[in-house]
Amino acid sequence: MNRFSAARIGWTPMVAPVLLLLIATASARADAEVYRQALRSTGWVVVPGPKTTASGTCWLADRERRLVVTCRHVVGASKEVLIYFPSFEENRPIVEAAHYLKGIPAVSGHVVATDTARDLALIRVAAVPDGVEEMPLADRPCGPGDDVHCLGNSGLRGNLAKGTLWWYTRGSVRQVHRGTVTTPGGSRQVWFVETQAPVNEGDSGGPVVNGRGRLVGVTTSYSQGERLVSQNVDVREVKQFLREPGKSLDEKASAAEVPTPLGGWKFKAEENEETVVEGDGEFRADGTFVLSHSEAPMKGRYAYANGTLWLIVEEGLVAITPSWDGKDRFTVKLGEAEMSFTRVPLKKTSAP
């Protein structure tokens, strides 16, 4: 008995540090793997507008039906959004937002359902790129003490063209509870997951997953009066939200899809309906444009959403609200000048 006790005392100090090291290493590897897995389902949602552009995070809920979820407060009253999914280089995500804005065609999306109390919005995207995976939902809710992993896009710092994406945060669940949410339609009880995980502006709509990479919540807000406390909509509410649109969702979403009115057009520019400006403009089907009608020609990418023509150039973003005159003509105001564009047949697309 004494020899056994002595042997245990002599064995423990040598083995315990090794065990702790192995546990810590396994935990770190697990965290990195959870991040990589969740990132395959995560997106960056941008909501262009004539005066301001909102931005947040989203995730793919249904690949076959092309359904993406984000927060309602991210989309606001807008019906159209732009979404970027991660690109990878040597199996590492490219985090610079400028890479996506200037080099990757945005995926257009249409908001097909919202829920103010749950602060959720459902988006039907035009396509799902290869490599983007559907986010699995947890079979059961999480509980106090559980570890959670959050992904979001809080690295933009108010500057879309110079910020960074795909930020990771790890935390733990403080409590899962029902809270009363008051909306114009009345008061409702909603399940929330309160976590001790720091989130910031831009993380809204992002997935909160467990150690198996399954969604347990959606980031909605953080508490300014409490340190490192964030609120997330519980997975039970997410499941119910996804069920509620029912079979009518496919019809509604299909009818709501509006093609971009610019792709594959070439234009002749006219200033103030009097002077024909030398040069022309070309909006290509691949999402790039060239405008050579001015003394300082522009080229870059474009997108159209919420009545706003969004030009993405080296200097940043230019938002223009065009007035459409029939199918083949639109007019924009640039300072004191008014520029009209008339569609002409596109015979050949030259390199930018």
# chains A, B, ... in the order shown; residues from 1 in each chain; ligands from 1
$ residues_around --residues "Ala77 (chain A)" --least-positions-apart "3" --cutoff "10 Å" --atoms "only C-alpha atoms" --output "CSV table (one decimal) with N, CA and C atoms, in the first residue's frame"
chain,number,residue,atom,x,y,z
A,72,ARG,N,-32.4,41.2,-38.9
A,72,ARG,CA,-33.3,42.2,-39.5
A,72,ARG,C,-32.8,43.6,-39.4
A,73,HIS,N,-32.1,44.0,-38.3
A,73,HIS,CA,-31.6,45.3,-38.2
A,73,HIS,C,-30.5,45.6,-39.2
A,74,VAL,N,-29.9,44.6,-39.7
A,74,VAL,CA,-28.8,44.7,-40.7
A,74,VAL,C,-29.4,45.2,-42.0
A,80,GLU,N,-33.1,44.5,-51.1
A,80,GLU,CA,-32.0,43.9,-51.9
A,80,GLU,C,-30.7,44.1,-51.2
A,111,VAL,N,-34.5,40.0,-49.9
A,111,VAL,CA,-35.0,39.8,-48.6
A,111,VAL,C,-36.4,39.2,-48.8
A,114,THR,N,-38.8,38.6,-42.8
A,114,THR,CA,-38.2,39.2,-41.6
A,114,THR,C,-39.1,39.0,-40.4
A,306,ASN,N,-31.3,48.2,-54.3
A,306,ASN,CA,-32.1,49.2,-53.7
A,306,ASN,C,-32.1,50.6,-54.4
$ select_by_dssp --residues "region 58-291 of chain A" --states "strand (DSSP E)" --output "VMD selection string"
chain A and resid 58 to 62 67 to 70 80 to 84 88 to 89 92 to 93 107 to 115 120 to 125 147 to 152 167 to 183 186 to 196 207 to 209 215 to 222 230 to 234 265 to 271 275 to 283 288 to 291
$ write_last_selection --atoms "C-alpha atoms" --output "mmCIF file, in the first residue's frame"
data_model
loop_
_atom_site.group_PDB
_atom_site.id
_atom_site.type_symbol
_atom_site.label_atom_id
_atom_site.label_comp_id
_atom_site.auth_asym_id
_atom_site.auth_seq_id
_atom_site.Cartn_x
_atom_site.Cartn_y
_atom_site.Cartn_z
ATOM 1 C CA CYS A 58 -24.806 36.145 -42.534
ATOM 2 C CA TRP A 59 -24.726 32.357 -42.949
ATOM 3 C CA LEU A 60 -26.109 29.818 -45.404
ATOM 4 C CA ALA A 61 -29.173 28.040 -43.988
ATOM 5 C CA ASP A 62 -30.340 26.072 -47.037
ATOM 6 C CA LEU A 67 -31.493 30.751 -48.307
ATOM 7 C CA VAL A 68 -29.248 32.915 -46.131
ATOM 8 C CA VAL A 69 -29.968 34.261 -42.627
ATOM 9 C CA THR A 70 -28.865 37.547 -41.067
ATOM 10 C CA GLU A 80 -31.980 43.897 -51.908
ATOM 11 C CA VAL A 81 -28.530 43.070 -50.556
ATOM 12 C CA LEU A 82 -25.079 42.068 -51.784
ATOM 13 C CA ILE A 83 -23.264 39.092 -50.263
ATOM 14 C CA TYR A 84 -19.645 37.967 -50.397
ATOM 15 C CA PHE A 88 -9.082 31.147 -49.752
ATOM 16 C CA GLU A 89 -5.415 31.195 -50.592
ATOM 17 C CA ARG A 92 -6.272 30.372 -45.507
ATOM 18 C CA PRO A 93 -9.132 32.862 -45.794
ATOM 19 C CA VAL A 107 -23.898 37.607 -54.994
ATOM 20 C CA SER A 108 -27.199 39.474 -55.196
ATOM 21 C CA GLY A 109 -29.877 38.616 -52.666
ATOM 22 C CA HIS A 110 -33.521 39.500 -52.058
ATOM 23 C CA VAL A 111 -35.027 39.761 -48.574
ATOM 24 C CA VAL A 112 -38.002 37.384 -48.524
ATOM 25 C CA ALA A 113 -38.951 37.303 -44.825
ATOM 26 C CA THR A 114 -38.203 39.223 -41.622
ATOM 27 C CA ASP A 115 -39.087 38.863 -37.946
ATOM 28 C CA LEU A 120 -33.947 37.762 -38.066
ATOM 29 C CA ALA A 121 -34.093 38.177 -41.838
ATOM 30 C CA LEU A 122 -34.216 35.542 -44.565
ATOM 31 C CA ILE A 123 -32.509 36.233 -47.885
ATOM 32 C CA ARG A 124 -32.812 34.351 -51.167
ATOM 33 C CA VAL A 125 -29.502 34.616 -53.063
ATOM 34 C CA ASP A 147 -18.161 27.035 -24.874
ATOM 35 C CA VAL A 148 -19.303 28.860 -28.001
ATOM 36 C CA HIS A 149 -17.511 30.194 -31.069
ATOM 37 C CA CYS A 150 -18.635 33.301 -32.970
ATOM 38 C CA LEU A 151 -17.775 34.572 -36.446
ATOM 39 C CA GLY A 152 -18.379 38.113 -37.656
ATOM 40 C CA TRP A 167 -13.150 37.645 -37.216
ATOM 41 C CA TYR A 168 -13.340 34.908 -34.602
ATOM 42 C CA THR A 169 -14.360 35.124 -30.940
ATOM 43 C CA ARG A 170 -14.568 32.391 -28.342
ATOM 44 C CA GLY A 171 -16.654 32.670 -25.191
ATOM 45 C CA SER A 172 -18.955 30.842 -22.834
ATOM 46 C CA VAL A 173 -22.674 30.804 -22.219
ATOM 47 C CA ARG A 174 -23.803 32.809 -19.196
ATOM 48 C CA GLN A 175 -27.488 31.942 -19.427
ATOM 49 C CA VAL A 176 -30.244 30.804 -21.791
ATOM 50 C CA HIS A 177 -33.494 32.582 -21.057
ATOM 51 C CA ARG A 178 -36.729 33.943 -22.464
ATOM 52 C CA GLY A 179 -37.065 37.678 -22.821
ATOM 53 C CA THR A 180 -40.004 39.899 -23.669
ATOM 54 C CA VAL A 181 -39.593 41.798 -26.930
ATOM 55 C CA THR A 182 -41.984 44.636 -27.728
ATOM 56 C CA THR A 183 -42.677 45.338 -31.401
ATOM 57 C CA GLY A 186 -47.260 43.537 -29.764
ATOM 58 C CA SER A 187 -45.090 41.783 -27.175
ATOM 59 C CA ARG A 188 -43.580 38.333 -27.611
ATOM 60 C CA GLN A 189 -41.417 35.946 -25.615
ATOM 61 C CA VAL A 190 -38.171 35.044 -27.393
ATOM 62 C CA TRP A 191 -35.422 32.608 -26.377
ATOM 63 C CA PHE A 192 -31.984 34.239 -26.078
ATOM 64 C CA VAL A 193 -28.483 32.960 -25.405
ATOM 65 C CA GLU A 194 -26.428 35.374 -23.327
ATOM 66 C CA THR A 195 -22.705 34.822 -23.746
ATOM 67 C CA GLN A 196 -19.501 36.138 -22.312
ATOM 68 C CA PRO A 207 -23.286 32.332 -36.494
ATOM 69 C CA VAL A 208 -22.685 31.222 -32.910
ATOM 70 C CA VAL A 209 -21.661 27.561 -32.951
ATOM 71 C CA LEU A 215 -25.305 26.580 -34.868
ATOM 72 C CA VAL A 216 -26.706 27.336 -31.405
ATOM 73 C CA GLY A 217 -27.486 31.015 -31.919
ATOM 74 C CA VAL A 218 -27.269 34.138 -34.063
ATOM 75 C CA THR A 219 -25.449 37.255 -32.846
ATOM 76 C CA THR A 220 -27.825 40.205 -32.473
ATOM 77 C CA SER A 221 -26.359 42.738 -30.018
ATOM 78 C CA TYR A 222 -23.939 43.475 -27.212
ATOM 79 C CA SER A 230 -23.567 39.704 -25.930
ATOM 80 C CA GLN A 231 -27.097 38.630 -26.819
ATOM 81 C CA ASN A 232 -27.857 35.957 -29.392
ATOM 82 C CA VAL A 233 -31.097 34.494 -30.717
ATOM 83 C CA ASP A 234 -31.401 30.870 -29.619
ATOM 84 C CA TRP A 265 -24.905 46.960 -71.666
ATOM 85 C CA LYS A 266 -22.837 49.515 -73.511
ATOM 86 C CA PHE A 267 -23.766 53.188 -73.278
ATOM 87 C CA LYS A 268 -23.254 56.432 -75.083
ATOM 88 C CA ALA A 269 -23.083 59.365 -72.697
ATOM 89 C CA GLU A 270 -24.777 62.722 -73.164
ATOM 90 C CA GLU A 271 -24.342 65.690 -70.832
ATOM 91 C CA THR A 275 -23.283 67.984 -75.531
ATOM 92 C CA VAL A 276 -22.383 64.534 -76.712
ATOM 93 C CA VAL A 277 -19.403 63.468 -74.634
ATOM 94 C CA GLU A 278 -16.587 61.688 -76.416
ATOM 95 C CA GLY A 279 -16.251 58.120 -75.300
ATOM 96 C CA ASP A 280 -18.736 55.697 -73.801
ATOM 97 C CA GLY A 281 -19.423 53.427 -70.887
ATOM 98 C CA GLU A 282 -19.659 49.680 -70.680
ATOM 99 C CA PHE A 283 -21.288 47.669 -67.898
ATOM 100 C CA THR A 288 -16.964 45.110 -64.242
ATOM 101 C CA PHE A 289 -17.406 48.516 -65.841
ATOM 102 C CA VAL A 290 -15.435 51.075 -67.824
ATOM 103 C CA LEU A 291 -16.511 54.717 -68.093
#
$ residues_around --residues "Trp324 (chain A)" --least-positions-apart "5" --cutoff "10 Å" --atoms "only C-alpha atoms" --output "ChimeraX atom specification"
/A:261,307,329-332,340-341
$ atom_distance --atom1 "CA of Asp139 (chain A)" --atom2 "CA of Lys239 (chain A)"
10.2 Å
$ closest_residue --among "A:Leu39, A:Ala106, A:Leu160, A:Leu101" --to "Ala127 (chain A)" --atoms "only C-alpha atoms"
A:Ala106
$ atom_distance --atom1 "CA of Glu33 (chain A)" --atom2 "CA of Leu156 (chain A)"
24.1 Å
$ select_by_dssp --residues "region 76-203 of chain A" --states "alpha helix (DSSP H)" --output "list of chain:residue names"
A:Ala97, A:Ala98, A:His99, A:Tyr100, A:Leu101, A:Lys102, A:Gly103
$ write_last_selection --atoms "N, CA and C atoms" --output "PDB file, in the first residue's frame"
ATOM      1  N   ALA A  97     -11.124  43.220 -47.036  1.00  0.00           N
ATOM      2  CA  ALA A  97     -12.404  43.502 -47.685  1.00  0.00           C
ATOM      3  C   ALA A  97     -12.210  44.014 -49.107  1.00  0.00           C
ATOM      4  N   ALA A  98     -11.140  44.759 -49.339  1.00  0.00           N
ATOM      5  CA  ALA A  98     -10.882  45.312 -50.673  1.00  0.00           C
ATOM      6  C   ALA A  98     -10.737  44.204 -51.711  1.00  0.00           C
ATOM      7  N   HIS A  99     -10.201  43.066 -51.313  1.00  0.00           N
ATOM      8  CA  HIS A  99     -10.053  41.939 -52.236  1.00  0.00           C
ATOM      9  C   HIS A  99     -11.403  41.532 -52.808  1.00  0.00           C
ATOM     10  N   TYR A 100     -12.428  41.535 -51.985  1.00  0.00           N
ATOM     11  CA  TYR A 100     -13.755  41.121 -52.429  1.00  0.00           C
ATOM     12  C   TYR A 100     -14.436  42.221 -53.227  1.00  0.00           C
ATOM     13  N   LEU A 101     -14.364  43.442 -52.732  1.00  0.00           N
ATOM     14  CA  LEU A 101     -15.026  44.545 -53.411  1.00  0.00           C
ATOM     15  C   LEU A 101     -14.484  44.758 -54.819  1.00  0.00           C
ATOM     16  N   LYS A 102     -13.185  44.669 -54.964  1.00  0.00           N
ATOM     17  CA  LYS A 102     -12.554  45.003 -56.239  1.00  0.00           C
ATOM     18  C   LYS A 102     -12.313  43.803 -57.144  1.00  0.00           C
ATOM     19  N   GLY A 103     -12.384  42.586 -56.588  1.00  0.00           N
ATOM     20  CA  GLY A 103     -12.021  41.442 -57.405  1.00  0.00           C
ATOM     21  C   GLY A 103     -13.030  40.324 -57.483  1.00  0.00           C
TER      22      GLY A 103
END
$ atom_distance --atom1 "CA of Ala32 (chain A)" --atom2 "CA of Glu237 (chain A)"
27.4 Å
$ residues_around --residues "Arg40 (chain A)" --least-positions-apart "4" --cutoff "8 Å" --atoms "only C-alpha atoms" --output "list in words"
Arg36, Pro86, Gly131, Val132 and Glu133 of chain A
$ closest_residue --among "A:Gly211, A:Gly300, A:Pro141, A:Pro322" --to "Arg236 (chain A)" --atoms "only C-alpha atoms"
A:Pro141
$ decode --residues "region 104-152 of chain A" --atoms "N, CA and C atoms" --output "mmCIF file, in the first residue's frame"
data_model
loop_
_atom_site.group_PDB
_atom_site.id
_atom_site.type_symbol
_atom_site.label_atom_id
_atom_site.label_comp_id
_atom_site.auth_asym_id
_atom_site.auth_seq_id
_atom_site.Cartn_x
_atom_site.Cartn_y
_atom_site.Cartn_z
ATOM 1 N N ILE A 104 -14.072 40.351 -56.643
ATOM 2 C CA ILE A 104 -15.019 39.238 -56.594
ATOM 3 C C ILE A 104 -16.430 39.756 -56.903
ATOM 4 N N PRO A 105 -17.136 39.136 -57.847
ATOM 5 C CA PRO A 105 -18.526 39.559 -58.086
ATOM 6 C C PRO A 105 -19.392 39.302 -56.862
ATOM 7 N N ALA A 106 -20.162 40.300 -56.450
ATOM 8 C CA ALA A 106 -21.071 40.112 -55.324
ATOM 9 C C ALA A 106 -22.219 39.202 -55.730
ATOM 10 N N VAL A 107 -22.701 38.421 -54.784
ATOM 11 C CA VAL A 107 -23.898 37.607 -54.994
ATOM 12 C C VAL A 107 -25.104 38.451 -54.589
ATOM 13 N N SER A 108 -26.013 38.674 -55.519
ATOM 14 C CA SER A 108 -27.199 39.474 -55.196
ATOM 15 C C SER A 108 -28.195 38.642 -54.411
ATOM 16 N N GLY A 109 -28.892 39.305 -53.489
ATOM 17 C CA GLY A 109 -29.877 38.616 -52.666
ATOM 18 C C GLY A 109 -31.115 39.465 -52.485
ATOM 19 N N HIS A 110 -32.249 38.814 -52.272
ATOM 20 C CA HIS A 110 -33.521 39.500 -52.058
ATOM 21 C C HIS A 110 -34.096 39.074 -50.711
ATOM 22 N N VAL A 111 -34.457 40.041 -49.890
ATOM 23 C CA VAL A 111 -35.027 39.761 -48.574
ATOM 24 C C VAL A 111 -36.447 39.240 -48.757
ATOM 25 N N VAL A 112 -36.694 38.007 -48.304
ATOM 26 C CA VAL A 112 -38.002 37.384 -48.524
ATOM 27 C C VAL A 112 -38.819 37.247 -47.249
ATOM 28 N N ALA A 113 -38.203 37.398 -46.087
ATOM 29 C CA ALA A 113 -38.951 37.303 -44.825
ATOM 30 C C ALA A 113 -38.146 37.964 -43.712
ATOM 31 N N THR A 114 -38.848 38.617 -42.786
ATOM 32 C CA THR A 114 -38.203 39.223 -41.622
ATOM 33 C C THR A 114 -39.052 38.960 -40.385
ATOM 34 N N ASP A 115 -38.402 39.027 -39.231
ATOM 35 C CA ASP A 115 -39.087 38.863 -37.946
ATOM 36 C C ASP A 115 -38.493 39.879 -36.984
ATOM 37 N N THR A 116 -39.260 40.892 -36.653
ATOM 38 C CA THR A 116 -38.765 41.987 -35.817
ATOM 39 C C THR A 116 -38.444 41.516 -34.404
ATOM 40 N N ALA A 117 -39.300 40.687 -33.811
ATOM 41 C CA ALA A 117 -39.083 40.246 -32.430
ATOM 42 C C ALA A 117 -37.820 39.398 -32.318
ATOM 43 N N ARG A 118 -37.637 38.496 -33.258
ATOM 44 C CA ARG A 118 -36.443 37.649 -33.234
ATOM 45 C C ARG A 118 -35.228 38.364 -33.837
ATOM 46 N N ASP A 119 -35.455 39.468 -34.517
ATOM 47 C CA ASP A 119 -34.397 40.214 -35.205
ATOM 48 C C ASP A 119 -33.685 39.328 -36.232
ATOM 49 N N LEU A 120 -34.486 38.640 -37.039
ATOM 50 C CA LEU A 120 -33.947 37.762 -38.066
ATOM 51 C C LEU A 120 -34.484 38.155 -39.434
ATOM 52 N N ALA A 121 -33.677 37.927 -40.457
ATOM 53 C CA ALA A 121 -34.093 38.177 -41.838
ATOM 54 C C ALA A 121 -33.650 37.009 -42.701
ATOM 55 N N LEU A 122 -34.499 36.638 -43.652
ATOM 56 C CA LEU A 122 -34.216 35.542 -44.565
ATOM 57 C C LEU A 122 -34.003 36.106 -45.962
ATOM 58 N N ILE A 123 -32.906 35.699 -46.585
ATOM 59 C CA ILE A 123 -32.509 36.233 -47.885
ATOM 60 C C ILE A 123 -32.411 35.090 -48.884
ATOM 61 N N ARG A 124 -32.968 35.308 -50.070
ATOM 62 C CA ARG A 124 -32.812 34.351 -51.167
ATOM 63 C C ARG A 124 -31.720 34.885 -52.089
ATOM 64 N N VAL A 125 -30.613 34.156 -52.237
ATOM 65 C CA VAL A 125 -29.502 34.616 -53.063
ATOM 66 C C VAL A 125 -29.637 34.057 -54.475
ATOM 67 N N ALA A 126 -29.044 34.778 -55.431
ATOM 68 C CA ALA A 126 -29.145 34.373 -56.831
ATOM 69 C C ALA A 126 -28.394 33.078 -57.094
ATOM 70 N N ALA A 127 -27.313 32.839 -56.362
ATOM 71 C CA ALA A 127 -26.518 31.631 -56.549
ATOM 72 C C ALA A 127 -25.697 31.384 -55.295
ATOM 73 N N VAL A 128 -25.279 30.150 -55.110
ATOM 74 C CA VAL A 128 -24.386 29.785 -54.014
ATOM 75 C C VAL A 128 -23.073 29.322 -54.630
ATOM 76 N N PRO A 129 -21.977 30.020 -54.388
ATOM 77 C CA PRO A 129 -20.696 29.636 -54.996
ATOM 78 C C PRO A 129 -20.233 28.257 -54.547
ATOM 79 N N ASP A 130 -19.416 27.641 -55.364
ATOM 80 C CA ASP A 130 -18.817 26.353 -55.006
ATOM 81 C C ASP A 130 -17.996 26.504 -53.728
ATOM 82 N N GLY A 131 -18.039 25.495 -52.891
ATOM 83 C CA GLY A 131 -17.265 25.513 -51.657
ATOM 84 C C GLY A 131 -17.988 26.076 -50.462
ATOM 85 N N VAL A 132 -19.119 26.771 -50.689
ATOM 86 C CA VAL A 132 -19.905 27.305 -49.568
ATOM 87 C C VAL A 132 -20.825 26.205 -49.066
ATOM 88 N N GLU A 133 -20.791 25.958 -47.771
ATOM 89 C CA GLU A 133 -21.530 24.830 -47.203
ATOM 90 C C GLU A 133 -22.693 25.302 -46.341
ATOM 91 N N GLU A 134 -23.715 24.491 -46.292
ATOM 92 C CA GLU A 134 -24.884 24.769 -45.460
ATOM 93 C C GLU A 134 -24.505 24.640 -43.985
ATOM 94 N N MET A 135 -24.936 25.601 -43.171
ATOM 95 C CA MET A 135 -24.633 25.563 -41.746
ATOM 96 C C MET A 135 -25.531 24.546 -41.038
ATOM 97 N N PRO A 136 -24.959 23.533 -40.357
ATOM 98 C CA PRO A 136 -25.799 22.587 -39.614
ATOM 99 C C PRO A 136 -26.323 23.223 -38.328
ATOM 100 N N LEU A 137 -27.549 22.910 -37.970
ATOM 101 C CA LEU A 137 -28.162 23.434 -36.748
ATOM 102 C C LEU A 137 -28.042 22.398 -35.636
ATOM 103 N N ALA A 138 -27.791 22.878 -34.431
ATOM 104 C CA ALA A 138 -27.660 21.986 -33.280
ATOM 105 C C ALA A 138 -28.993 21.307 -32.984
ATOM 106 N N ASP A 139 -28.921 20.058 -32.554
ATOM 107 C CA ASP A 139 -30.132 19.314 -32.220
ATOM 108 C C ASP A 139 -30.796 19.846 -30.958
ATOM 109 N N ARG A 140 -29.986 20.379 -30.041
ATOM 110 C CA ARG A 140 -30.527 20.865 -28.776
ATOM 111 C C ARG A 140 -29.871 22.191 -28.421
ATOM 112 N N PRO A 141 -30.532 23.015 -27.604
ATOM 113 C CA PRO A 141 -29.960 24.307 -27.215
ATOM 114 C C PRO A 141 -28.713 24.130 -26.356
ATOM 115 N N CYS A 142 -27.914 25.153 -26.300
ATOM 116 C CA CYS A 142 -26.756 25.143 -25.405
ATOM 117 C C CYS A 142 -27.205 25.547 -23.995
ATOM 118 N N GLY A 143 -26.274 25.505 -23.043
ATOM 119 C CA GLY A 143 -26.608 25.843 -21.668
ATOM 120 C C GLY A 143 -25.479 26.578 -20.989
ATOM 121 N N PRO A 144 -25.708 27.110 -19.777
ATOM 122 C CA PRO A 144 -24.679 27.850 -19.055
ATOM 123 C C PRO A 144 -23.399 27.035 -18.893
ATOM 124 N N GLY A 145 -22.267 27.663 -19.151
ATOM 125 C CA GLY A 145 -20.978 27.009 -19.038
ATOM 126 C C GLY A 145 -20.469 26.422 -20.338
ATOM 127 N N ASP A 146 -21.339 26.258 -21.331
ATOM 128 C CA ASP A 146 -20.905 25.712 -22.615
ATOM 129 C C ASP A 146 -20.005 26.714 -23.348
ATOM 130 N N ASP A 147 -18.997 26.198 -24.017
ATOM 131 C CA ASP A 147 -18.161 27.035 -24.874
ATOM 132 C C ASP A 147 -18.874 27.286 -26.194
ATOM 133 N N VAL A 148 -18.727 28.511 -26.705
ATOM 134 C CA VAL A 148 -19.303 28.860 -28.001
ATOM 135 C C VAL A 148 -18.254 29.601 -28.824
ATOM 136 N N HIS A 149 -18.439 29.582 -30.130
ATOM 137 C CA HIS A 149 -17.511 30.194 -31.069
ATOM 138 C C HIS A 149 -18.325 31.089 -32.008
ATOM 139 N N CYS A 150 -17.889 32.326 -32.180
ATOM 140 C CA CYS A 150 -18.635 33.301 -32.970
ATOM 141 C C CYS A 150 -17.794 33.801 -34.142
ATOM 142 N N LEU A 151 -18.430 33.990 -35.285
ATOM 143 C CA LEU A 151 -17.775 34.572 -36.446
ATOM 144 C C LEU A 151 -18.516 35.838 -36.853
ATOM 145 N N GLY A 152 -17.749 36.858 -37.263
ATOM 146 C CA GLY A 152 -18.379 38.113 -37.656
ATOM 147 C C GLY A 152 -17.445 38.997 -38.450
#
